[in-house]
>>> print(open('model10.txt').read())   # compact mmCIF, C-alpha atoms and all ligand atoms
# COMPACT_ATOMS: atom_id res chain seq x y z
CA MET A 1 123.61 174.52 82.58
CA GLU A 2 121.15 176.10 85.03
CA ILE A 3 118.62 173.42 84.23
CA LYS A 4 121.18 170.70 84.93
CA VAL A 5 122.01 172.15 88.34
CA LEU A 6 118.36 172.44 89.33
CA LYS A 7 117.70 168.88 88.22
CA LYS A 8 120.61 167.59 90.27
CA ILE A 9 119.35 169.33 93.44
CA LEU A 10 115.90 167.83 92.99
CA GLU A 11 117.29 164.36 92.26
CA THR A 12 119.45 164.45 95.40
CA ASN A 13 116.45 165.56 97.44
CA GLU A 14 114.28 162.76 96.08
CA LYS A 15 116.90 160.11 96.86
CA MET A 16 117.19 161.36 100.45
CA ALA A 17 113.40 161.58 100.77
CA ASP A 18 113.06 157.93 99.74
CA GLU A 19 115.68 156.98 102.34
CA ASN A 20 113.81 158.93 105.06
CA ARG A 21 110.55 157.25 104.05
CA ARG A 22 112.07 153.77 104.20
CA PHE A 23 113.87 154.47 107.50
CA LEU A 24 110.64 155.67 109.16
CA ARG A 25 108.59 152.78 107.76
CA GLU A 26 111.07 150.28 109.18
CA LYS A 27 110.64 151.97 112.57
CA GLY A 28 106.84 151.73 112.24
CA ILE A 29 106.39 155.52 112.21
CA LEU A 30 103.83 157.13 109.90
CA CYS A 31 105.27 160.44 108.67
CA VAL A 32 102.71 163.15 107.81
CA ASN A 33 103.78 166.31 105.98
CA MET A 34 101.42 169.19 106.86
CA MET A 35 101.48 171.97 104.27
CA SER A 36 99.48 175.18 103.83
CA SER A 37 99.59 178.96 103.57
CA PRO A 38 100.64 180.73 106.77
CA GLY A 39 97.93 180.60 109.41
CA SER A 40 95.60 177.99 107.88
CA GLY A 41 95.70 175.98 111.10
CA LYS A 42 98.51 173.39 110.78
CA SER A 43 99.70 173.72 114.38
CA THR A 44 96.17 173.79 115.78
CA ILE A 45 95.24 170.62 113.87
CA ILE A 46 98.36 168.82 115.16
CA GLU A 47 97.45 169.92 118.70
CA ARG A 48 93.87 168.59 118.34
CA THR A 49 95.22 165.31 116.90
CA VAL A 50 97.65 164.76 119.77
CA GLU A 51 94.90 165.59 122.27
CA LYS A 52 92.66 162.94 120.67
CA LEU A 53 95.22 160.15 120.28
CA GLY A 54 97.95 161.00 122.79
CA ASP A 55 96.83 158.39 125.34
CA ARG A 56 97.23 155.53 122.82
CA PHE A 57 99.99 156.70 120.48
CA LYS A 58 103.33 158.47 120.72
CA PHE A 59 103.96 161.52 118.56
CA GLY A 60 106.95 163.42 117.30
CA VAL A 61 106.85 166.78 115.53
CA ILE A 62 109.40 168.53 113.33
CA GLU A 63 108.59 172.22 113.10
CA GLY A 64 109.73 174.21 110.07
CA ASP A 65 109.81 177.99 110.39
CA ILE A 66 111.92 180.79 109.00
CA GLN A 67 112.26 182.39 112.44
CA THR A 68 111.11 181.68 116.01
CA THR A 69 110.43 178.55 118.03
CA LEU A 70 106.83 179.58 118.77
CA ASP A 71 105.18 176.51 117.19
CA ALA A 72 107.80 174.13 118.64
CA GLU A 73 107.00 175.57 122.08
CA ARG A 74 103.30 174.82 121.48
CA MET A 75 104.17 171.21 120.60
CA ALA A 76 106.60 170.75 123.47
CA ARG A 77 103.80 171.82 125.85
CA LEU A 78 101.88 168.72 124.67
CA GLY A 79 104.79 166.57 125.81
CA VAL A 80 105.68 165.34 122.32
CA GLU A 81 109.22 164.82 120.98
CA THR A 82 109.81 168.13 119.16
CA PHE A 83 112.55 169.40 116.87
CA GLN A 84 112.72 172.91 115.40
CA ILE A 85 114.27 173.68 112.02
CA ASN A 86 114.79 177.42 111.42
CA THR A 87 115.81 178.30 107.88
CA GLY A 88 116.39 182.01 108.67
CA PRO A 89 120.11 181.62 109.47
CA PHE A 90 120.59 179.73 106.16
CA GLY A 91 119.01 182.22 103.79
CA GLY A 92 115.38 181.96 104.93
CA ASP A 93 114.23 179.17 102.63
CA CYS A 94 110.45 178.90 102.29
CA HIS A 95 110.29 175.08 102.45
CA LEU A 96 111.88 172.08 104.17
CA GLU A 97 114.12 169.60 102.32
CA ALA A 98 114.78 165.92 102.90
CA GLY A 99 118.38 166.48 104.04
CA TRP A 100 117.26 168.70 106.91
CA ILE A 101 114.66 166.16 107.93
CA ARG A 102 117.37 163.51 108.01
CA ALA A 103 119.51 165.74 110.24
CA ALA A 104 116.51 166.19 112.55
CA LEU A 105 115.83 162.42 112.61
CA ASN A 106 119.45 161.83 113.66
CA GLU A 107 118.91 164.08 116.68
CA MET A 108 115.43 162.98 117.76
CA LYS A 109 114.40 160.20 120.13
CA LEU A 110 112.37 158.08 117.73
CA ASP A 111 112.03 154.78 119.57
CA GLY A 112 108.41 153.95 120.27
CA LEU A 113 106.97 156.78 118.14
CA ASP A 114 103.85 155.95 116.10
CA PHE A 115 103.41 159.23 114.22
CA LEU A 116 105.82 161.92 113.08
CA PHE A 117 104.28 165.20 111.94
CA ILE A 118 106.34 167.55 109.82
CA GLU A 119 104.85 171.04 109.98
CA ASN A 120 106.24 172.56 106.81
CA ILE A 121 106.88 176.27 106.41
CA GLY A 122 103.69 178.25 105.72
CA ASN A 123 103.70 178.56 101.94
CA LEU A 124 101.42 177.13 99.25
CA VAL A 125 104.16 176.96 96.59
CA CYS A 126 107.72 175.80 97.50
CA PRO A 127 106.99 172.96 99.99
CA ALA A 128 105.10 171.15 97.18
CA GLU A 129 108.31 170.94 95.14
CA PHE A 130 110.42 169.18 97.79
CA ASP A 131 109.54 165.69 98.94
CA VAL A 132 110.61 165.34 102.58
CA GLY A 133 110.10 161.58 102.85
CA SER A 134 106.55 161.59 104.22
CA HIS A 135 104.08 158.73 103.78
CA LEU A 136 101.09 161.10 103.76
CA ASN A 137 100.92 164.66 102.43
CA ALA A 138 98.13 166.77 103.90
CA VAL A 139 97.33 170.22 102.57
CA VAL A 140 95.29 172.46 104.85
CA LEU A 141 93.13 175.07 103.13
CA SER A 142 91.21 177.35 105.46
CA THR A 143 87.86 178.73 104.39
CA PRO A 144 88.88 182.45 104.29
CA GLU A 145 91.46 181.62 101.59
CA GLY A 146 88.85 181.10 98.86
CA GLU A 147 87.78 178.33 96.47
CA ASP A 148 90.17 179.32 93.69
CA LYS A 149 93.42 178.28 95.39
CA PRO A 150 93.69 174.80 93.78
CA LEU A 151 93.48 176.49 90.36
CA LYS A 152 96.16 179.06 91.22
CA TYR A 153 98.57 176.75 93.09
CA PRO A 154 97.87 173.35 91.49
CA LEU A 155 101.11 171.54 92.38
CA MET A 156 100.39 171.66 96.11
CA PHE A 157 97.03 169.99 95.57
CA ARG A 158 98.47 167.48 93.10
CA VAL A 159 101.18 166.19 95.50
CA SER A 160 98.75 165.93 98.44
CA HIS A 161 96.79 162.82 99.41
CA VAL A 162 94.26 164.63 101.57
CA MET A 163 92.95 168.20 101.80
CA LEU A 164 91.70 169.41 105.16
CA VAL A 165 89.26 172.27 104.64
CA ASN A 166 89.79 173.99 107.98
CA LYS A 167 87.90 176.79 109.80
CA ILE A 168 84.58 175.44 108.60
CA ASP A 169 83.07 177.26 111.63
CA LEU A 170 83.70 180.56 109.83
CA LEU A 171 81.55 179.71 106.77
CA PRO A 172 78.50 181.76 107.87
CA HIS A 173 80.68 184.89 107.71
CA LEU A 174 82.30 184.19 104.33
CA ASP A 175 81.50 183.98 100.62
CA MET A 176 83.59 180.80 100.29
CA ASP A 177 81.85 178.24 98.03
CA VAL A 178 82.85 174.79 99.33
CA GLU A 179 81.18 172.96 96.41
CA ALA A 180 83.19 175.06 93.93
CA LEU A 181 86.33 174.30 95.95
CA ARG A 182 85.62 170.54 95.67
CA LYS A 183 85.09 170.84 91.93
CA ASN A 184 88.26 172.90 91.46
CA VAL A 185 90.47 170.62 93.52
CA LEU A 186 89.15 167.36 92.05
CA GLY A 187 89.86 168.79 88.60
CA VAL A 188 93.50 169.10 89.65
CA ASN A 189 93.70 165.81 91.60
CA PRO A 190 90.71 163.45 91.17
CA GLY A 191 92.02 161.03 93.81
CA LEU A 192 92.33 163.62 96.60
CA LYS A 193 90.47 162.91 99.84
CA ILE A 194 88.62 165.93 101.22
CA ILE A 195 87.74 166.38 104.88
CA GLU A 196 85.95 169.45 106.23
CA ILE A 197 87.04 170.30 109.75
CA SER A 198 87.16 172.96 112.39
CA ALA A 199 90.23 172.67 114.58
CA LYS A 200 88.48 175.22 116.83
CA THR A 201 85.18 173.41 117.46
CA GLY A 202 86.39 169.86 116.71
CA GLN A 203 83.87 169.36 113.88
CA GLY A 204 85.06 166.71 111.39
CA ILE A 205 88.23 165.90 113.36
CA ASP A 206 87.12 162.27 113.86
CA ARG A 207 87.24 161.64 110.09
CA TRP A 208 90.81 162.95 110.04
CA ILE A 209 91.71 160.72 112.99
CA GLU A 210 90.18 157.68 111.21
CA LEU A 211 92.24 158.41 108.11
CA LEU A 212 95.46 158.71 110.14
CA LEU A 213 94.81 155.42 111.94
CA ALA A 214 94.03 153.65 108.65
CA GLU A 215 97.21 154.99 107.03
CA ARG A 216 99.32 153.92 109.99
CA GLU A 217 97.76 150.45 109.90
CA LYS A 218 98.45 150.22 106.16
CA LEU A 219 102.11 151.14 106.76
CA THR A 220 102.81 148.90 109.74
CA GLY A 221 100.27 146.12 109.14
CA GLU A 222 99.10 146.35 112.74
CA ALA A 223 96.24 148.02 114.60
CA LYS A 224 96.76 149.32 118.14
N1 LIG A 301 87.93 180.09 113.62
C1 LIG A 301 88.90 179.20 113.54
N2 LIG A 301 90.16 179.57 113.81
C2 LIG A 301 91.13 178.63 113.71
C3 LIG A 301 90.86 177.30 113.36
N3 LIG A 301 92.03 176.62 113.31
C4 LIG A 301 92.98 177.51 113.65
N4 LIG A 301 92.45 178.73 113.89
C5 LIG A 301 93.16 179.94 114.28
O1 LIG A 301 93.95 180.38 113.17
C6 LIG A 301 95.16 181.00 113.62
C7 LIG A 301 96.35 180.32 112.99
O2 LIG A 301 96.39 178.95 113.41
P1 LIG A 301 97.74 178.10 113.43
O3 LIG A 301 97.39 176.72 113.85
O4 LIG A 301 98.78 178.81 114.22
O5 LIG A 301 98.13 178.13 111.89
P2 LIG A 301 99.45 177.58 111.18
O6 LIG A 301 99.04 177.06 109.85
O7 LIG A 301 100.14 176.64 112.08
O8 LIG A 301 100.31 178.92 111.01
P3 LIG A 301 101.86 179.06 110.59
O9 LIG A 301 102.61 177.98 111.30
O10 LIG A 301 102.24 180.43 111.04
O11 LIG A 301 101.89 178.91 109.08
C8 LIG A 301 95.13 180.88 115.14
O12 LIG A 301 94.64 182.09 115.66
C9 LIG A 301 94.16 179.75 115.40
O13 LIG A 301 93.53 179.82 116.66
C10 LIG A 301 89.51 176.93 113.09
O14 LIG A 301 89.16 175.79 112.75
N5 LIG A 301 88.57 177.94 113.19
MG MG A 302 102.10 176.68 112.76
>>> encode(input="model10.txt", output="structure tokens", more="lines below")
Ligand SMILES: Nc1nc2c(ncn2[C@@H]2O[C@H](COP(=O)(O)OP(=O)(O)OP(=O)(O)O)[C@@H](O)[C@H]2O)c(=O)[nH]1
Ligand SMILES: [Mg+2]
Amino acid sequence: MEIKVLKKILETNEKMADENRRFLREKGILCVNMMSSPGSGKSTIIERTVEKLGDRFKFGVIEGDIQTTLDAERMARLGVETFQINTGPFGGDCHLEAGWIRAALNEMKLDGLDFLFIENIGNLVCPAEFDVGSHLNAVVLSTPEGEDKPLKYPLMFRVSHVMLVNKIDLLPHLDMDVEALRKNVLGVNPGLKIIEISAKTGQGIDRWIELLLAEREKLTGEAK
């Protein structure tokens, strides 16, 4: 009985996620789901991305947090259409679900947007289990977290299309073995794209930008 209930929840979520994905594609909006442990650099990477592309493209951001509107305030300062989902009042869930994203989409001004970032709740486990309706899943792994994470939390790396290895500027101070990380993660997901970046210094950000532009072009069939 418990298994049946769990299956039904996941099936409902997947159906809604597919509807979100189709709805956003028809509007020409590439939806990117940013996932990671707390503090890996999701918000900082979104900020750098908007700074790089904000003069040519319009962005929206849905912020997922258990408590506070701190990240949403950071995004709103960039002048992007921002919506905050706090799960604290509803039991403090550690991930976002497709139904909440739909509720956010109903409230947001979406006309003219080119990109919608979903900053998922900082957690390397639960967000991987719930499709939100994104076209691109990006997992951020920061260098202090260690090269073993894809082995310990494989689902997150399996459902992602790209891994951003962030805080590459810290490598001289760490024992992190980036080659071992590559080997570990490609063992879990051989098709995963890997981009080393520093959201602090800007190193590698251009490769991330290129990937985003290519994915948007693939979705909409048009360059800008
Ligand atoms: N050295 C270094 N610090 C970084 C880099 N990217 C982000 N940080 C710092 O890491 C801390 C956390 O960054 P955030 O962007 O807030 O991380 P987050 O993943 O959004 O965090 P949550 O939303 O709380 O899960 C901040 O102090 C950032 O300034 C980087 O490339 N290098
Ligand atoms: Mg954040």
>>> closest_atom_pairs(input="model10.txt", of="range 13-115 of chain A", to="range 192-197 of chain A", cutoff="12 Å", atoms="all atoms listed in the file", output="JSON lines")
{"residue": "A:Ser40", "atom": "CA", "partner": "A:Ile197", "partner_atom": "CA", "distance": 11.7}
{"residue": "A:Gly41", "atom": "CA", "partner": "A:Ile197", "partner_atom": "CA", "distance": 10.4}
{"residue": "A:Lys42", "atom": "CA", "partner": "A:Ile197", "partner_atom": "CA", "distance": 11.9}
{"residue": "A:Thr44", "atom": "CA", "partner": "A:Ile197", "partner_atom": "CA", "distance": 11.5}
{"residue": "A:Ile45", "atom": "CA", "partner": "A:Ile197", "partner_atom": "CA", "distance": 9.2}
{"residue": "A:Arg48", "atom": "CA", "partner": "A:Ile197", "partner_atom": "CA", "distance": 11.1}
{"residue": "A:Thr49", "atom": "CA", "partner": "A:Ile197", "partner_atom": "CA", "distance": 12.0}
>>> closest_atom_pairs(input="model10.txt", of="chain A", to="ligand MG 302 (chain A)", cutoff="8 Å", atoms="all atoms listed in the file", output="JSON lines")
{"residue": "A:Pro38", "atom": "CA", "partner": "A:MG302", "partner_atom": "MG", "distance": 7.4}
{"residue": "A:Gly39", "atom": "CA", "partner": "A:MG302", "partner_atom": "MG", "distance": 6.6}
{"residue": "A:Gly41", "atom": "CA", "partner": "A:MG302", "partner_atom": "MG", "distance": 6.6}
{"residue": "A:Lys42", "atom": "CA", "partner": "A:MG302", "partner_atom": "MG", "distance": 5.3}
{"residue": "A:Ser43", "atom": "CA", "partner": "A:MG302", "partner_atom": "MG", "distance": 4.1}
{"residue": "A:Thr44", "atom": "CA", "partner": "A:MG302", "partner_atom": "MG", "distance": 7.3}
{"residue": "A:Glu63", "atom": "CA", "partner": "A:MG302", "partner_atom": "MG", "distance": 7.9}
{"residue": "A:Asp71", "atom": "CA", "partner": "A:MG302", "partner_atom": "MG", "distance": 5.4}
{"residue": "A:Glu119", "atom": "CA", "partner": "A:MG302", "partner_atom": "MG", "distance": 6.9}
{"residue": "A:Ile121", "atom": "CA", "partner": "A:MG302", "partner_atom": "MG", "distance": 8.0}
{"residue": "A:Gly122", "atom": "CA", "partner": "A:MG302", "partner_atom": "MG", "distance": 7.4}
>>> write_last_selection(input="model10.txt", atoms="C-alpha atoms", output="short mmCIF file (atom, residue, chain, number, x, y, z; two decimals), in the frame of the given file")
data_model
loop_
_atom_site.label_atom_id
_atom_site.label_comp_id
_atom_site.auth_asym_id
_atom_site.auth_seq_id
_atom_site.Cartn_x
_atom_site.Cartn_y
_atom_site.Cartn_z
CA PRO A 38 100.64 180.73 106.77
CA GLY A 39 97.93 180.60 109.41
CA GLY A 41 95.70 175.98 111.10
CA LYS A 42 98.51 173.39 110.78
CA SER A 43 99.70 173.72 114.38
CA THR A 44 96.17 173.79 115.78
CA GLU A 63 108.59 172.22 113.10
CA ASP A 71 105.18 176.51 117.19
CA GLU A 119 104.85 171.04 109.98
CA ILE A 121 106.88 176.27 106.41
CA GLY A 122 103.69 178.25 105.72
#
>>> closest_residue(input="model10.txt", among="A:Glu26, A:Asp131, A:Asp18, A:Asp65", to="ligand LIG 301 (chain A)", atoms="all atoms listed in the file")
A:Asp65
>>> atom_distance(input="model10.txt", atom1="CA of Met34 in chain A", atom2="CA of Ser160 in chain A")
9.4 Å
>>> atom_distance(input="model10.txt", atom1="CA of Ala17 in chain A", atom2="CA of Val32 in chain A")
12.9 Å
>>> residues_around(input="model10.txt", residues="range 210-214 of chain A", least_positions_apart="4", cutoff="9 Å", atoms="only C-alpha atoms", output="number ranges by chain")
A: 30, 32, 115, 136, 205-206, 218-219, 223-224
>>> axis_aligned_box(input="model10.txt", around="ligand LIG 301 (chain A)", padding_each_side="8 Å", output="JSON")
{"center_x": 95.3, "center_y": 178.9, "center_z": 112.9, "size_x": 30.7, "size_y": 22.3, "size_z": 23.6}
>>> residues_around(input="model10.txt", residues="Thr82 in chain A", least_positions_apart="4", cutoff="7 Å", atoms="all atoms listed in the file", output="list in words")
Gly60, Val61, Ile62, Ala72, Met75 and Ala76 of chain A
>>> atom_distance(input="model10.txt", atom1="CA of Glu47 in chain A", atom2="CA of Gly204 in chain A")
14.7 Å
>>> closest_residue(input="model10.txt", among="A:Ala98, A:Val80, A:Leu113, A:Val178", to="Glu51 in chain A", atoms="all atoms listed in the file")
A:Val80
>>> decode(input="model10.txt", residues="range 80-121 of chain A", atoms="N, CA and C atoms", output="PDB file, in the first residue's frame")
ATOM      1  N   VAL A  80      15.535  41.010 -12.387  1.00  0.00           N
ATOM      2  CA  VAL A  80      14.885  39.901 -13.090  1.00  0.00           C
ATOM      3  C   VAL A  80      13.565  39.556 -12.407  1.00  0.00           C
ATOM      4  N   GLU A  81      12.642  38.992 -13.203  1.00  0.00           N
ATOM      5  CA  GLU A  81      11.338  38.550 -12.680  1.00  0.00           C
ATOM      6  C   GLU A  81      11.597  37.413 -11.676  1.00  0.00           C
ATOM      7  N   THR A  82      11.246  37.640 -10.410  1.00  0.00           N
ATOM      8  CA  THR A  82      11.634  36.694  -9.349  1.00  0.00           C
ATOM      9  C   THR A  82      10.415  36.209  -8.585  1.00  0.00           C
ATOM     10  N   PHE A  83      10.407  34.938  -8.252  1.00  0.00           N
ATOM     11  CA  PHE A  83       9.323  34.382  -7.439  1.00  0.00           C
ATOM     12  C   PHE A  83       9.938  33.485  -6.367  1.00  0.00           C
ATOM     13  N   GLN A  84       9.525  33.673  -5.134  1.00  0.00           N
ATOM     14  CA  GLN A  84      10.072  32.871  -4.025  1.00  0.00           C
ATOM     15  C   GLN A  84       9.098  31.775  -3.614  1.00  0.00           C
ATOM     16  N   ILE A  85       9.574  30.553  -3.529  1.00  0.00           N
ATOM     17  CA  ILE A  85       8.781  29.479  -2.913  1.00  0.00           C
ATOM     18  C   ILE A  85       9.463  29.116  -1.598  1.00  0.00           C
ATOM     19  N   ASN A  86       8.757  29.288  -0.484  1.00  0.00           N
ATOM     20  CA  ASN A  86       9.262  28.838   0.831  1.00  0.00           C
ATOM     21  C   ASN A  86       8.486  27.598   1.236  1.00  0.00           C
ATOM     22  N   THR A  87       9.201  26.513   1.517  1.00  0.00           N
ATOM     23  CA  THR A  87       8.504  25.279   1.901  1.00  0.00           C
ATOM     24  C   THR A  87       8.326  25.185   3.415  1.00  0.00           C
ATOM     25  N   GLY A  88       8.986  26.075   4.177  1.00  0.00           N
ATOM     26  CA  GLY A  88       8.914  26.032   5.649  1.00  0.00           C
ATOM     27  C   GLY A  88       7.491  25.948   6.185  1.00  0.00           C
ATOM     28  N   PRO A  89       6.605  26.840   5.714  1.00  0.00           N
ATOM     29  CA  PRO A  89       5.224  26.820   6.245  1.00  0.00           C
ATOM     30  C   PRO A  89       4.459  25.547   5.880  1.00  0.00           C
ATOM     31  N   PHE A  90       4.971  24.759   4.945  1.00  0.00           N
ATOM     32  CA  PHE A  90       4.266  23.534   4.513  1.00  0.00           C
ATOM     33  C   PHE A  90       5.035  22.269   4.906  1.00  0.00           C
ATOM     34  N   GLY A  91       5.759  22.330   5.998  1.00  0.00           N
ATOM     35  CA  GLY A  91       6.443  21.143   6.480  1.00  0.00           C
ATOM     36  C   GLY A  91       7.941  21.125   6.174  1.00  0.00           C
ATOM     37  N   GLY A  92       8.436  22.160   5.504  1.00  0.00           N
ATOM     38  CA  GLY A  92       9.883  22.290   5.292  1.00  0.00           C
ATOM     39  C   GLY A  92      10.472  21.289   4.328  1.00  0.00           C
ATOM     40  N   ASP A  93       9.741  20.992   3.248  1.00  0.00           N
ATOM     41  CA  ASP A  93      10.261  20.026   2.266  1.00  0.00           C
ATOM     42  C   ASP A  93      11.631  20.461   1.743  1.00  0.00           C
ATOM     43  N   CYS A  94      12.451  19.452   1.404  1.00  0.00           N
ATOM     44  CA  CYS A  94      13.837  19.707   1.016  1.00  0.00           C
ATOM     45  C   CYS A  94      14.006  19.738  -0.498  1.00  0.00           C
ATOM     46  N   HIS A  95      12.914  19.884  -1.240  1.00  0.00           N
ATOM     47  CA  HIS A  95      12.991  19.911  -2.712  1.00  0.00           C
ATOM     48  C   HIS A  95      11.778  20.670  -3.244  1.00  0.00           C
ATOM     49  N   LEU A  96      11.832  21.054  -4.510  1.00  0.00           N
ATOM     50  CA  LEU A  96      10.668  21.651  -5.174  1.00  0.00           C
ATOM     51  C   LEU A  96       9.953  20.582  -5.983  1.00  0.00           C
ATOM     52  N   GLU A  97       8.642  20.768  -6.177  1.00  0.00           N
ATOM     53  CA  GLU A  97       7.863  19.830  -6.996  1.00  0.00           C
ATOM     54  C   GLU A  97       7.206  20.588  -8.141  1.00  0.00           C
ATOM     55  N   ALA A  98       6.791  19.824  -9.153  1.00  0.00           N
ATOM     56  CA  ALA A  98       6.262  20.440 -10.375  1.00  0.00           C
ATOM     57  C   ALA A  98       4.998  21.260 -10.115  1.00  0.00           C
ATOM     58  N   GLY A  99       4.172  20.833  -9.166  1.00  0.00           N
ATOM     59  CA  GLY A  99       2.932  21.562  -8.872  1.00  0.00           C
ATOM     60  C   GLY A  99       3.206  22.961  -8.343  1.00  0.00           C
ATOM     61  N   TRP A 100       4.254  23.089  -7.521  1.00  0.00           N
ATOM     62  CA  TRP A 100       4.598  24.415  -6.992  1.00  0.00           C
ATOM     63  C   TRP A 100       5.154  25.302  -8.095  1.00  0.00           C
ATOM     64  N   ILE A 101       5.902  24.684  -8.995  1.00  0.00           N
ATOM     65  CA  ILE A 101       6.441  25.469 -10.118  1.00  0.00           C
ATOM     66  C   ILE A 101       5.283  25.980 -10.969  1.00  0.00           C
ATOM     67  N   ARG A 102       4.280  25.115 -11.180  1.00  0.00           N
ATOM     68  CA  ARG A 102       3.134  25.573 -11.966  1.00  0.00           C
ATOM     69  C   ARG A 102       2.443  26.754 -11.279  1.00  0.00           C
ATOM     70  N   ALA A 103       2.277  26.662  -9.962  1.00  0.00           N
ATOM     71  CA  ALA A 103       1.650  27.765  -9.224  1.00  0.00           C
ATOM     72  C   ALA A 103       2.465  29.049  -9.393  1.00  0.00           C
ATOM     73  N   ALA A 104       3.788  28.912  -9.367  1.00  0.00           N
ATOM     74  CA  ALA A 104       4.658  30.086  -9.551  1.00  0.00           C
ATOM     75  C   ALA A 104       4.499  30.641 -10.967  1.00  0.00           C
ATOM     76  N   LEU A 105       4.452  29.745 -11.962  1.00  0.00           N
ATOM     77  CA  LEU A 105       4.328  30.184 -13.361  1.00  0.00           C
ATOM     78  C   LEU A 105       3.030  30.962 -13.568  1.00  0.00           C
ATOM     79  N   ASN A 106       1.973  30.542 -12.851  1.00  0.00           N
ATOM     80  CA  ASN A 106       0.685  31.228 -12.971  1.00  0.00           C
ATOM     81  C   ASN A 106       0.764  32.664 -12.462  1.00  0.00           C
ATOM     82  N   GLU A 107       1.689  32.902 -11.530  1.00  0.00           N
ATOM     83  CA  GLU A 107       1.793  34.232 -10.907  1.00  0.00           C
ATOM     84  C   GLU A 107       2.805  35.141 -11.595  1.00  0.00           C
ATOM     85  N   MET A 108       3.728  34.545 -12.344  1.00  0.00           N
ATOM     86  CA  MET A 108       4.862  35.331 -12.869  1.00  0.00           C
ATOM     87  C   MET A 108       4.525  35.993 -14.203  1.00  0.00           C
ATOM     88  N   LYS A 109       5.248  37.097 -14.471  1.00  0.00           N
ATOM     89  CA  LYS A 109       5.131  37.738 -15.793  1.00  0.00           C
ATOM     90  C   LYS A 109       6.135  37.042 -16.711  1.00  0.00           C
ATOM     91  N   LEU A 110       5.635  36.207 -17.599  1.00  0.00           N
ATOM     92  CA  LEU A 110       6.534  35.364 -18.394  1.00  0.00           C
ATOM     93  C   LEU A 110       6.751  35.885 -19.808  1.00  0.00           C
ATOM     94  N   ASP A 111       5.896  36.818 -20.247  1.00  0.00           N
ATOM     95  CA  ASP A 111       5.998  37.248 -21.646  1.00  0.00           C
ATOM     96  C   ASP A 111       7.361  37.872 -21.925  1.00  0.00           C
ATOM     97  N   GLY A 112       7.993  37.398 -22.987  1.00  0.00           N
ATOM     98  CA  GLY A 112       9.278  37.965 -23.389  1.00  0.00           C
ATOM     99  C   GLY A 112      10.476  37.341 -22.700  1.00  0.00           C
ATOM    100  N   LEU A 113      10.246  36.432 -21.725  1.00  0.00           N
ATOM    101  CA  LEU A 113      11.402  35.805 -21.060  1.00  0.00           C
ATOM    102  C   LEU A 113      12.085  34.830 -22.019  1.00  0.00           C
ATOM    103  N   ASP A 114      13.410  34.746 -21.915  1.00  0.00           N
ATOM    104  CA  ASP A 114      14.196  33.789 -22.703  1.00  0.00           C
ATOM    105  C   ASP A 114      14.664  32.616 -21.850  1.00  0.00           C
ATOM    106  N   PHE A 115      14.975  32.908 -20.586  1.00  0.00           N
ATOM    107  CA  PHE A 115      15.485  31.870 -19.672  1.00  0.00           C
ATOM    108  C   PHE A 115      14.721  31.934 -18.347  1.00  0.00           C
ATOM    109  N   LEU A 116      14.407  30.767 -17.817  1.00  0.00           N
ATOM    110  CA  LEU A 116      13.864  30.697 -16.457  1.00  0.00           C
ATOM    111  C   LEU A 116      14.778  29.779 -15.640  1.00  0.00           C
ATOM    112  N   PHE A 117      15.421  30.353 -14.619  1.00  0.00           N
ATOM    113  CA  PHE A 117      16.206  29.529 -13.705  1.00  0.00           C
ATOM    114  C   PHE A 117      15.332  29.110 -12.529  1.00  0.00           C
ATOM    115  N   ILE A 118      15.429  27.827 -12.176  1.00  0.00           N
ATOM    116  CA  ILE A 118      14.835  27.376 -10.922  1.00  0.00           C
ATOM    117  C   ILE A 118      16.004  27.072 -10.005  1.00  0.00           C
ATOM    118  N   GLU A 119      16.145  27.847  -8.916  1.00  0.00           N
ATOM    119  CA  GLU A 119      17.181  27.504  -7.940  1.00  0.00           C
ATOM    120  C   GLU A 119      16.536  26.584  -6.924  1.00  0.00           C
ATOM    121  N   ASN A 120      16.855  25.301  -7.029  1.00  0.00           N
ATOM    122  CA  ASN A 120      16.242  24.314  -6.150  1.00  0.00           C
ATOM    123  C   ASN A 120      16.794  24.448  -4.728  1.00  0.00           C
ATOM    124  N   ILE A 121      16.159  23.802  -3.805  1.00  0.00           N
ATOM    125  CA  ILE A 121      16.595  23.864  -2.404  1.00  0.00           C
ATOM    126  C   ILE A 121      17.943  23.141  -2.268  1.00  0.00           C
TER     127      ILE A 121
END
